[in-house]
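Colleague: I'd like to ask you about the structure that follows.
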Amino acid sequence: MFQSPHHVSCKKIKSIVYILTFIIMKKLSIKNQSAYFKILIIFLMFVNSVAGLGQTIKRLDGSSLSASQIDSTVQHLMSAAKVEGLELALINDNRVAYQKAYGFKDKEKNIPLDTSTVMYGASFSKAVFAYVNMRMVEKGLIDLDKPLFYYLKKTLSEYGNYEELEKDERWKKITPRMCLSHTTGLPNVWWMNVKTGVRDTTLVNRLYFEPGSRYAYSGEGFKLLQRIEEVYLGKDLEKIAREELFVPVKMDRTSYLWQAEFEANSAIGYDEDGNAGGKVRSRKGVGAGSMLTTISDYSRFISYVLRGEGLSDRTFKEMLRPQIRIRSLYEFPTMLDETTNRDDKINLSYGLGWGVIKTPYGNAFFKGGHDDCWRNYSISFPLKRIAIVIMCNSGNGERIFKEMLEKLIGDTFTPWEWDRFTPYTRSNN
């Protein structure tokens, strides 16, 4: 999709073209139908090329960028940082205004990405999971503040590796709100050291602090909520997500599970050294991180959220209301002892499934997605009706995010240091 902001004017021009073509046909006495359509196609190609030349994308400060400026910026940054592939969507007036794929889905075979290529969403999964949960809150299926303990239909340890957690009575205080705002006290991944981020399979899935007392990014909190909801509702995550979001929004190439039809057009991920890491083929639906999607589908989702569709105004505002202030030095490792006031100016916080910051253009909400060979980020400014979505099949993708955000939409507010979006011009140590 590559829509011009002046698409209404273009429609008028095309109507005129039909009339002019008919007149020319009459003047030249062209009665052959194929000749008529040849002339029509030539005119339409001309109109489309002229419309593309005039396309501009609005930035937060009211200035504009042309399509060629966007292309040159992206291509320069990708080359400088050695980013194999990148997909970009820019949203103006709550609609996708610019969408394009750059680089390769298979570098070895020289096969380019396109906007329908399935990418690994990583933690973009959590934003979708949170939205689906807000839909269920609105329907009265779950209560944000009702402890998960009351939704159990069997002992906690029967839901997963929760033997140690079950022994700690504090777990009974955990609510869906805590899970979605990363305040449960659970680790990000149970086998990852919360201070160093190093894999340690001697660890157990347990609480590290009093539920609700502080922020610490937690994939395990999302998994706990998902497992209890699936049993309580009698549906798996994929079915719930399809009913509540994927089908209504026409996210036809999005799933928490690998689908056979993805194989023909899906991307290979590349690590920071450019080594191929293969495709991600999710075999188990995990709300914390198994989602596969395309730039077309995910930007459609962001536009849908920005327009407030699918949720009441009250539920939408609750989803994006700051639930907990964040004072950690970095997002990862998740439980460093160091704190900072560095991000006070943007009031860095977490809502329900999304990070939330304060800017001169109103509050903005953001979400990233990170794995060895995949880097994703989106940030939206509801009052300005502007957003950006970036998806990369490269471990170097995050190293160009800061400059991309600044140049393409004028976003100088994303907490890039907290996110560890170290620019490619600086040491990564």
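Chain identifiers are assigned as A, B, and so on, following the order in which chains appear in the structure tokens; residues are numbered from 1 within each chain, and ligands are numbered from 1 in order of appearance.
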Quick one: everything within 8 Å of Ala387 (chain A), counting only C-alpha atoms, minus sequence neighbours fewer than 3 positions away in the same chain. Send it as a PyMOL selection string.
Modeller: chain A and resi 90-92+94+302+378-381+409
Colleague: Excluding Gly85 (chain A) and any residue of its chain fewer than 5 positions from it, enumerate the residues within 6 Å of it, using only C-alpha atoms, and give them as a list of chain:residue names.
Modeller: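 With the cut-off at 6 Å, the set is A:Tyr102, A:Gly103, A:Phe104, A:Cys392, A:Asn393.
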Colleague: Would you mind listing, for every residue of region 316-338 of chain A within 7 Å of region 192-202 of chain A, the two atoms forming the shortest contact and the distance between them in Å to one decimal, using only C-alpha atoms, sorted by chain and ascending residue number, as JSON lines?
Modeller:
{"residue": "A:Pro333", "atom": "CA", "partner": "A:Gly197", "partner_atom": "CA", "distance": 5.2}
{"residue": "A:Thr334", "atom": "CA", "partner": "A:Val194", "partner_atom": "CA", "distance": 5.6}
{"residue": "A:Met335", "atom": "CA", "partner": "A:Val194", "partner_atom": "CA", "distance": 5.3}
{"residue": "A:Leu336", "atom": "CA", "partner": "A:Lys195", "partner_atom": "CA", "distance": 5.3}
Colleague: Could you save those same residues with N, CA and C atoms as a PDB file, in the first residue's frame?
Modeller:
ATOM      1  N   PRO A 333      18.646  -5.906  31.796  1.00  0.00           N
ATOM      2  CA  PRO A 333      17.927  -6.925  32.571  1.00  0.00           C
ATOM      3  C   PRO A 333      16.818  -6.289  33.409  1.00  0.00           C
ATOM      4  N   THR A 334      15.823  -7.069  33.740  1.00  0.00           N
ATOM      5  CA  THR A 334      14.566  -6.517  34.243  1.00  0.00           C
ATOM      6  C   THR A 334      14.586  -6.034  35.682  1.00  0.00           C
ATOM      7  N   MET A 335      15.525  -6.521  36.497  1.00  0.00           N
ATOM      8  CA  MET A 335      15.483  -6.152  37.920  1.00  0.00           C
ATOM      9  C   MET A 335      16.827  -5.659  38.426  1.00  0.00           C
ATOM     10  N   LEU A 336      17.447  -4.755  37.664  1.00  0.00           N
ATOM     11  CA  LEU A 336      18.670  -4.107  38.122  1.00  0.00           C
ATOM     12  C   LEU A 336      18.365  -3.258  39.352  1.00  0.00           C
TER      13      LEU A 336
END
Colleague: Taking only C-alpha atoms into account, name the residue in A:Tyr330, A:Phe209, A:Phe301, A:Tyr270 that is nearest to Pro248 (chain A).
Modeller: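 Once distances to Pro248 (chain A) are computed over only C-alpha atoms, the minimum belongs to A:Phe301.
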Colleague: Quick one: everything within 10 Å of Lys250 (chain A), counting only C-alpha atoms, minus sequence neighbours fewer than 6 positions away in the same chain. Send it as a PDB file with C-alpha atoms, in the first residue's frame.
Modeller:
ATOM      1  CA  ARG A 242      -9.127 -14.303  15.867  1.00  0.00           C
ATOM      2  CA  ASP A 297      -1.409  -6.134   9.269  1.00  0.00           C
ATOM      3  CA  ARG A 300      -3.596  -1.707  10.304  1.00  0.00           C
ATOM      4  CA  PHE A 301      -3.891  -2.745  13.956  1.00  0.00           C
TER       5      PHE A 301
END
Colleague: Would you pick out the contacts of Asn205 (chain A) at 10 Å or less, using only C-alpha atoms, so that residues sharing its chain but fewer than 5 positions from it are not included, and give the list as a list in words?
Modeller: Gly160, Asn161, Tyr162, Glu163, Glu164, Leu165, Glu166, Leu186, Pro187, Asn188, Val189, Trp190, Trp191, Met192 and Glu220 of chain A
Colleague: Going by DSSP on the backbone, which bits of region 134-256 of chain A are helix (DSSP H, G or I)? Write them as JSON, numbers by chain, please.
Modeller: {"A": [134, 135, 136, 137, 138, 148, 149, 150, 151, 156, 157, 158, 159, 163, 164, 165, 166, 167, 169, 170, 171, 172, 173, 176, 177, 178, 179, 180, 219, 220, 221, 222, 223, 224, 225, 226, 227, 228, 229, 230, 231, 232, 233, 237, 238, 239, 240, 241, 242, 243, 244, 245, 246]}
Colleague: So which one's closest to Tyr215 (chain A), A:Ser290, A:Ser328, A:Asn363, A:Ser282? Using only C-alpha atoms, please.
Modeller: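 Among the listed residues, the smallest separation from Tyr215 (chain A) belongs to A:Ser328.
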Colleague: Would you work out the distance separating CA of Lys154 (chain A) from CA of Glu210 (chain A), expressed in Å to one decimal?
Modeller: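 Separation between CA of Lys154 (chain A) and CA of Glu210 (chain A): 23.9 Å.
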Colleague: Pick the closest to Arg375 (chain A) from A:Ala101, A:Thr340, A:Ala122, A:Pro147: which is it, counting only C-alpha atoms?
Modeller: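 That would be A:Ala122, the residue with the smallest distance to Arg375 (chain A).
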Colleague: Kindly indicate which residue among A:Leu77, A:Leu352, A:Met178, A:Leu156 lies nearest to Met134 (chain A), using only C-alpha atoms for the distances.
Modeller: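 Checking each candidate against Met134 (chain A), we get A:Leu352 as the closest.
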Colleague: Skipping near chain neighbours, those fewer than 6 positions away, what residues fall within 7 Å of Tyr120 (chain A) using only C-alpha atoms, listed as a PDB file with N, CA and C atoms, in the first residue's frame?
Modeller:
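selection08.pdb was written with the following content:
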ATOM      1  N   VAL A 280      11.162 -17.928  12.059  1.00  0.00           N
ATOM      2  CA  VAL A 280      10.512 -18.291  13.319  1.00  0.00           C
ATOM      3  C   VAL A 280       9.199 -18.970  12.969  1.00  0.00           C
ATOM      4  N   MET A 291       3.766 -14.227  18.209  1.00  0.00           N
ATOM      5  CA  MET A 291       2.987 -13.731  17.083  1.00  0.00           C
ATOM      6  C   MET A 291       3.829 -13.508  15.824  1.00  0.00           C
ATOM      7  N   LEU A 292       3.272 -13.916  14.700  1.00  0.00           N
ATOM      8  CA  LEU A 292       3.826 -13.677  13.368  1.00  0.00           C
ATOM      9  C   LEU A 292       2.887 -12.720  12.662  1.00  0.00           C
ATOM     10  N   THR A 293       3.440 -11.725  11.974  1.00  0.00           N
ATOM     11  CA  THR A 293       2.578 -10.721  11.351  1.00  0.00           C
ATOM     12  C   THR A 293       3.317 -10.058  10.195  1.00  0.00           C
ATOM     13  N   TRP A 374      15.691 -10.179  15.333  1.00  0.00           N
ATOM     14  CA  TRP A 374      14.498  -9.387  15.016  1.00  0.00           C
ATOM     15  C   TRP A 374      14.425  -8.169  15.935  1.00  0.00           C
TER      16      TRP A 374
END
Colleague: I'd like to know which of A:Thr414, A:Gln55, A:Ser312, A:Asn341 is closest to Gly355 (chain A), using only C-alpha atoms.
Modeller: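 When distances to Gly355 (chain A) are compared using only C-alpha atoms, the smallest one comes from A:Thr414.
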Colleague: Given the choices A:Val356, A:Ala267, A:Leu408, A:Ala288, which gets closest to Leu86 (chain A) if the distance is worked out from only C-alpha atoms?
Modeller: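 Once distances to Leu86 (chain A) are computed over only C-alpha atoms, the minimum belongs to A:Ala267.
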Colleague: Excluding Thr175 (chain A) and any residue of its chain fewer than 4 positions from it, enumerate the residues within 10 Å of it, using only C-alpha atoms, and give them as a list in words.
Modeller: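 Using only C-alpha atoms, the neighbours found are Asp143, Leu144, Asp145, Lys146, Pro147, Leu148, Phe149, Tyr150, Trp171, Cys179, Leu180, Thr183, Thr184, Pro211, Gly212, Gly221 and Leu225 of chain A.
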Colleague: How would you write, as a PyMOL selection string, the set of residues in region 174-381 of chain A that DSSP gives as strand (DSSP E)?
Modeller: chain A and resi 269-270+276-278+292-293+324-325+349-350+355-357+364-371+374-381
Colleague: What is the CA of Phe332 (chain A) to CA of Tyr424 (chain A) distance in Å?
Modeller: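 So the answer is 19.1 Å.
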